[in-house]
>>> print(open('entry23.cif').read())   # mmCIF, C-alpha atoms
data_run
#
loop_
_atom_site.group_PDB
_atom_site.id
_atom_site.type_symbol
_atom_site.label_atom_id
_atom_site.label_comp_id
_atom_site.auth_asym_id
_atom_site.auth_seq_id
_atom_site.Cartn_x
_atom_site.Cartn_y
_atom_site.Cartn_z
ATOM 1 C CA VAL P 243 2.554 25.187 4.717
ATOM 2 C CA LYS P 244 3.172 24.963 0.992
ATOM 3 C CA ARG P 245 2.302 21.252 0.584
ATOM 4 C CA LEU P 246 -0.468 19.244 2.177
ATOM 5 C CA THR P 247 -0.833 15.490 1.820
ATOM 6 C CA LEU P 248 -4.231 13.962 2.568
ATOM 7 C CA LEU P 249 -4.634 10.256 3.360
ATOM 8 C CA VAL P 250 -8.054 8.840 2.490
ATOM 9 C CA ALA P 251 -9.244 5.229 2.681
ATOM 10 C CA MET P 252 -12.407 5.233 0.607
ATOM 11 C CA ALA P 253 -12.966 6.744 -2.826
ATOM 12 C CA ALA P 254 -16.410 7.989 -1.723
ATOM 13 C CA GLU P 255 -14.755 9.917 1.124
ATOM 14 C CA ALA P 256 -12.264 11.453 -1.301
ATOM 15 C CA GLN P 257 -14.727 12.360 -4.062
ATOM 16 C CA PRO P 258 -15.985 15.676 -2.594
ATOM 17 C CA ILE P 259 -12.388 16.820 -2.017
ATOM 18 C CA VAL P 260 -11.310 15.709 -5.497
ATOM 19 C CA ALA P 261 -14.259 17.508 -7.103
ATOM 20 C CA ARG P 262 -13.918 20.692 -5.039
ATOM 21 C CA LEU P 263 -10.172 21.041 -5.606
ATOM 22 C CA GLY P 264 -10.107 19.648 -9.133
ATOM 23 C CA LEU P 265 -7.499 17.042 -8.239
ATOM 24 C CA ARG P 266 -6.192 14.850 -11.041
ATOM 25 C CA GLU P 267 -4.869 11.316 -10.800
ATOM 26 C CA GLU P 268 -1.177 10.922 -11.591
ATOM 27 C CA PRO P 269 1.149 7.940 -11.783
ATOM 28 C CA PRO P 270 2.504 7.540 -8.245
ATOM 29 C CA PRO P 271 6.246 7.516 -7.507
ATOM 30 C CA TRP P 272 5.993 4.347 -5.401
ATOM 31 C CA PRO P 273 6.335 0.739 -6.643
ATOM 32 C CA ALA P 274 3.699 -0.521 -9.076
ATOM 33 C CA TRP P 275 2.754 -3.422 -6.773
ATOM 34 C CA SER P 276 1.093 -0.969 -4.381
ATOM 35 C CA PRO P 277 -2.661 -0.451 -4.750
ATOM 36 C CA CYS P 278 -2.342 3.137 -3.449
ATOM 37 C CA ARG P 279 -3.345 5.925 -5.830
ATOM 38 C CA LEU P 280 -2.151 9.545 -6.060
ATOM 39 C CA LEU P 281 -4.148 12.630 -7.026
ATOM 40 C CA ARG P 282 -2.687 16.137 -7.179
ATOM 41 C CA GLY P 283 -3.770 19.728 -7.477
ATOM 42 C CA SER P 284 -3.582 23.024 -5.631
ATOM 43 C CA ALA P 285 -5.792 25.335 -3.615
ATOM 44 C CA HIS P 286 -5.104 28.789 -2.183
ATOM 45 C CA GLY P 287 -1.420 28.562 -3.073
ATOM 46 C CA VAL P 288 -0.994 25.174 -1.387
ATOM 47 C CA SER P 289 0.030 22.078 -3.331
ATOM 48 C CA VAL P 290 -2.382 19.272 -2.413
ATOM 49 C CA GLU P 291 -1.630 15.563 -2.741
ATOM 50 C CA LEU P 292 -4.335 13.034 -1.988
ATOM 51 C CA VAL P 293 -3.318 9.431 -1.407
ATOM 52 C CA LEU P 294 -6.009 6.773 -1.616
ATOM 53 C CA ALA P 295 -5.384 3.388 -0.013
ATOM 54 C CA GLY P 296 -6.668 1.714 -3.185
ATOM 55 C CA ARG P 297 -9.021 -1.132 -4.015
ATOM 56 C CA ASP P 298 -9.289 -4.819 -3.312
ATOM 57 C CA GLU P 299 -9.936 -5.995 -6.873
ATOM 58 C CA ARG P 300 -10.781 -9.524 -5.791
ATOM 59 C CA HIS P 301 -13.663 -8.348 -3.595
ATOM 60 C CA ASP P 302 -14.441 -5.153 -5.556
ATOM 61 C CA CYS P 303 -14.239 -2.811 -2.574
ATOM 62 C CA ASP P 304 -12.042 -0.078 -1.113
ATOM 63 C CA LEU P 305 -9.148 -1.116 1.101
ATOM 64 C CA VAL P 306 -9.949 0.055 4.632
ATOM 65 C CA GLY P 307 -8.450 -0.491 8.051
ATOM 66 C CA THR P 308 -5.122 0.054 9.688
ATOM 67 C CA GLU P 309 -3.020 -2.111 7.367
ATOM 68 C CA PRO P 310 -3.887 -0.275 4.103
ATOM 69 C CA ALA P 311 -3.680 3.049 5.963
ATOM 70 C CA THR P 312 -0.209 2.170 7.227
ATOM 71 C CA LEU P 313 0.942 1.275 3.724
ATOM 72 C CA ALA P 314 -0.501 4.503 2.262
ATOM 73 C CA ALA P 315 1.056 6.649 4.996
ATOM 74 C CA THR P 316 4.446 4.947 4.689
ATOM 75 C CA LEU P 317 4.540 5.353 0.907
ATOM 76 C CA ALA P 318 3.442 8.986 1.194
ATOM 77 C CA VAL P 319 6.153 9.800 3.726
ATOM 78 C CA LEU P 320 8.890 7.971 1.814
ATOM 79 C CA HIS P 321 8.025 9.177 -1.686
ATOM 80 C CA LEU P 322 6.272 12.528 -1.207
ATOM 81 C CA ALA P 323 8.011 13.874 1.936
ATOM 82 C CA PRO P 324 4.952 15.912 2.937
ATOM 83 C CA ALA P 325 5.262 19.143 4.886
ATOM 84 C CA LEU P 326 1.973 18.324 6.613
ATOM 85 C CA MET P 327 -0.090 15.148 6.372
ATOM 86 C CA ALA P 328 -3.720 14.761 7.413
ATOM 87 C CA SER P 329 -5.841 11.663 7.682
ATOM 88 C CA VAL P 330 -9.306 12.314 6.312
ATOM 89 C CA GLY P 331 -12.250 10.138 7.289
ATOM 90 C CA THR P 332 -15.965 10.277 7.858
ATOM 91 C CA ALA P 333 -16.418 10.011 11.633
ATOM 92 C CA GLY P 334 -19.647 8.344 10.603
ATOM 93 C CA GLY P 335 -19.727 6.092 13.632
ATOM 94 C CA PHE P 336 -20.232 9.087 15.889
ATOM 95 C CA ALA P 337 -23.322 10.660 14.305
ATOM 96 C CA ALA P 338 -25.215 9.877 17.506
ATOM 97 C CA ARG P 339 -22.748 12.158 19.313
ATOM 98 C CA GLY P 340 -23.143 15.060 16.897
ATOM 99 C CA ALA P 341 -20.547 14.208 14.225
ATOM 100 C CA ARG P 342 -21.734 15.161 10.763
ATOM 101 C CA VAL P 343 -20.449 14.118 7.347
ATOM 102 C CA GLY P 344 -18.593 17.088 5.875
ATOM 103 C CA SER P 345 -17.604 18.564 9.227
ATOM 104 C CA VAL P 346 -13.945 19.159 9.982
ATOM 105 C CA TYR P 347 -12.475 18.073 13.300
ATOM 106 C CA LEU P 348 -8.903 18.750 14.331
ATOM 107 C CA SER P 349 -6.911 16.250 16.369
ATOM 108 C CA GLN P 350 -6.780 16.557 20.125
ATOM 109 C CA GLY P 351 -4.879 14.297 22.470
ATOM 110 C CA PRO P 352 -3.200 11.048 21.533
ATOM 111 C CA PHE P 353 -4.125 8.929 18.521
ATOM 112 C CA ARG P 354 -5.986 5.791 19.570
ATOM 113 C CA TYR P 355 -6.475 2.432 17.870
ATOM 114 C CA HIS P 356 -9.558 0.346 18.537
ATOM 115 C CA GLY P 357 -10.346 -3.267 17.759
ATOM 116 C CA ARG P 358 -6.762 -4.333 18.349
ATOM 117 C CA HIS P 359 -6.320 -6.690 21.277
ATOM 118 C CA VAL P 360 -3.182 -8.541 22.301
ATOM 119 C CA PRO P 361 -3.668 -9.671 25.909
ATOM 120 C CA LEU P 362 0.022 -9.717 26.795
ATOM 121 C CA PRO P 363 1.945 -7.297 29.045
ATOM 122 C CA ARG P 364 3.154 -4.136 27.259
ATOM 123 C CA LEU P 365 1.818 -5.368 23.901
ATOM 124 C CA GLU P 366 -1.777 -4.541 24.838
ATOM 125 C CA ASP P 367 -0.837 -0.894 25.441
ATOM 126 C CA SER P 368 1.365 -0.797 22.340
ATOM 127 C CA VAL P 369 -1.324 -1.931 19.914
ATOM 128 C CA ARG P 370 -3.817 0.615 21.296
ATOM 129 C CA GLY P 371 -1.788 3.621 20.203
ATOM 130 C CA GLY P 372 -1.388 6.655 22.391
ATOM 131 C CA HIS P 373 0.924 8.434 19.971
ATOM 132 C CA PRO P 374 0.842 12.224 20.371
ATOM 133 C CA SER P 375 -0.941 14.289 17.754
ATOM 134 C CA LEU P 376 -0.040 17.758 16.588
ATOM 135 C CA ASP P 377 -1.372 20.409 18.962
ATOM 136 C CA THR P 378 -4.114 21.958 16.861
ATOM 137 C CA THR P 379 -5.609 24.171 19.580
ATOM 138 C CA ALA P 380 -4.550 27.465 17.972
ATOM 139 C CA TRP P 381 -5.869 26.354 14.559
ATOM 140 C CA ALA P 382 -9.130 25.181 16.116
ATOM 141 C CA GLN P 383 -9.628 28.545 17.814
ATOM 142 C CA ALA P 384 -8.642 30.591 14.762
ATOM 143 C CA LEU P 385 -10.855 28.562 12.410
ATOM 144 C CA ALA P 386 -13.666 27.925 14.930
ATOM 145 C CA LEU P 387 -13.372 24.167 14.376
ATOM 146 C CA PRO P 388 -14.090 21.463 16.937
ATOM 147 C CA GLN P 389 -11.373 19.121 18.150
ATOM 148 C CA GLY P 390 -11.614 15.421 18.875
ATOM 149 C CA VAL P 391 -9.627 12.295 19.515
ATOM 150 C CA VAL P 392 -8.467 10.545 16.353
ATOM 151 C CA SER P 393 -9.217 6.840 16.485
ATOM 152 C CA THR P 394 -8.847 4.211 13.830
ATOM 153 C CA GLY P 395 -9.243 0.490 13.615
ATOM 154 C CA SER P 396 -9.905 -2.437 11.353
ATOM 155 C CA SER P 397 -13.232 -3.176 12.998
ATOM 156 C CA PHE P 398 -16.417 -1.245 13.642
ATOM 157 C CA ALA P 399 -16.759 -3.075 16.963
ATOM 158 C CA ARG P 400 -15.471 -1.167 19.955
ATOM 159 C CA THR P 401 -15.337 -2.157 23.601
ATOM 160 C CA PRO P 402 -16.818 0.129 26.275
ATOM 161 C CA GLU P 403 -13.249 0.874 27.421
ATOM 162 C CA GLU P 404 -12.239 1.962 23.898
ATOM 163 C CA LEU P 405 -15.296 4.173 23.594
ATOM 164 C CA ALA P 406 -14.421 5.866 26.878
ATOM 165 C CA GLU P 407 -10.956 6.716 25.501
ATOM 166 C CA ILE P 408 -12.131 8.186 22.217
ATOM 167 C CA VAL P 409 -15.283 10.087 23.154
#
>>> encode(input="entry23.cif", output="structure tokens")
Amino acid sequence: VKRLTLLVAMAAEAQPIVARLGLREEPPPWPAWSPCRLLRGSAHGVSVELVLAGRDERHDCDLVGTEPATLAATLAVLHLAPALMASVGTAGGFAARGARVGSVYLSQGPFRYHGRHVPLPRLEDSVRGGHPSLDTTAWAQALALPQGVVSTGSSFARTPEELAEIV
């Protein structure tokens, strides 16, 4: 892989990556109305692009949740055409299960969405995800990294059924 695009919601999550790789902010190629930001650099011969979802200026906070993430991912795909794209987050909600800030987990199994409920036939399953992820088993073994289910949502609340799917 010669180019890697990282999607990050919160500036605090991105800061260690930005500092370690010396990424620099650049004007993005997408429309100016988008709050998404672009930082670029390189590491070990790989071009690295980091896309931040941006900020809610009215409330002075980072844009988080599935809607800003969808916008950031769509703009990245359309305007950067990444060879490989990774979503980077904290997994902070799973510290009680051994997740640690700074640890790297590779995807395993389908992507899941939590906190999204539409109690109608077929729609309920649709809004909960289930999209296949890249098989990272060989990478996980070669790099001695743990794997886990990738889950995202616009709420920190999760039902017992959602927890059973993502743990």
>>> resolve_selection(input="entry23.cif", expression="the PyMOL selection byres ((chain P and resi 298-311) around 7)", output="ChimeraX atom specification")
/P:251-252,295-297,312-315,394-396
>>> residues_around(input="entry23.cif", residues="region 363-378 of chain P", least_positions_apart="2", cutoff="9 Å", atoms="only C-alpha atoms", output="number ranges by chain")
P: 348-361, 380-383, 389, 392-393, 404
>>> resolve_selection(input="entry23.cif", expression="the PyMOL selection byres ((chain P and resi 264-278) around 7)", output="list in words")
Val260, Ala261, Arg262, Leu263, Arg279, Leu280, Leu281, Arg282, Gly283, Val293, Leu294, Ala295, Gly296, Arg297, Ala314, Leu317 and His321 of chain P
>>> closest_residue(input="entry23.cif", among="P:Pro324, P:Gly287, P:Pro402, P:Gly331", to="Leu246 (chain P)", atoms="only C-alpha atoms")
P:Pro324
>>> resolve_selection(input="entry23.cif", expression="the PyMOL selection byres ((chain P and resi 325) around 7)", output="ChimeraX atom specification")
/P:243,245-246,323-324,326-327
>>> axis_aligned_box(input="entry23.cif", around="region 371-376 of chain P", padding_each_side="5 Å", output="JSON")
{"center_x": -0.4, "center_y": 10.7, "center_z": 19.5, "size_x": 12.7, "size_y": 24.1, "size_z": 15.8}
>>> closest_residue(input="entry23.cif", among="P:Thr247, P:Ala254, P:Ser284, P:Gly390", to="Ala341 (chain P)", atoms="only C-alpha atoms")
P:Gly390
>>> atom_distance(input="entry23.cif", atom1="CA of Ala285 (chain P)", atom2="CA of Ala318 (chain P)")
19.4 Å
>>> atom_distance(input="entry23.cif", atom1="CA of Leu248 (chain P)", atom2="CA of Leu385 (chain P)")
18.8 Å
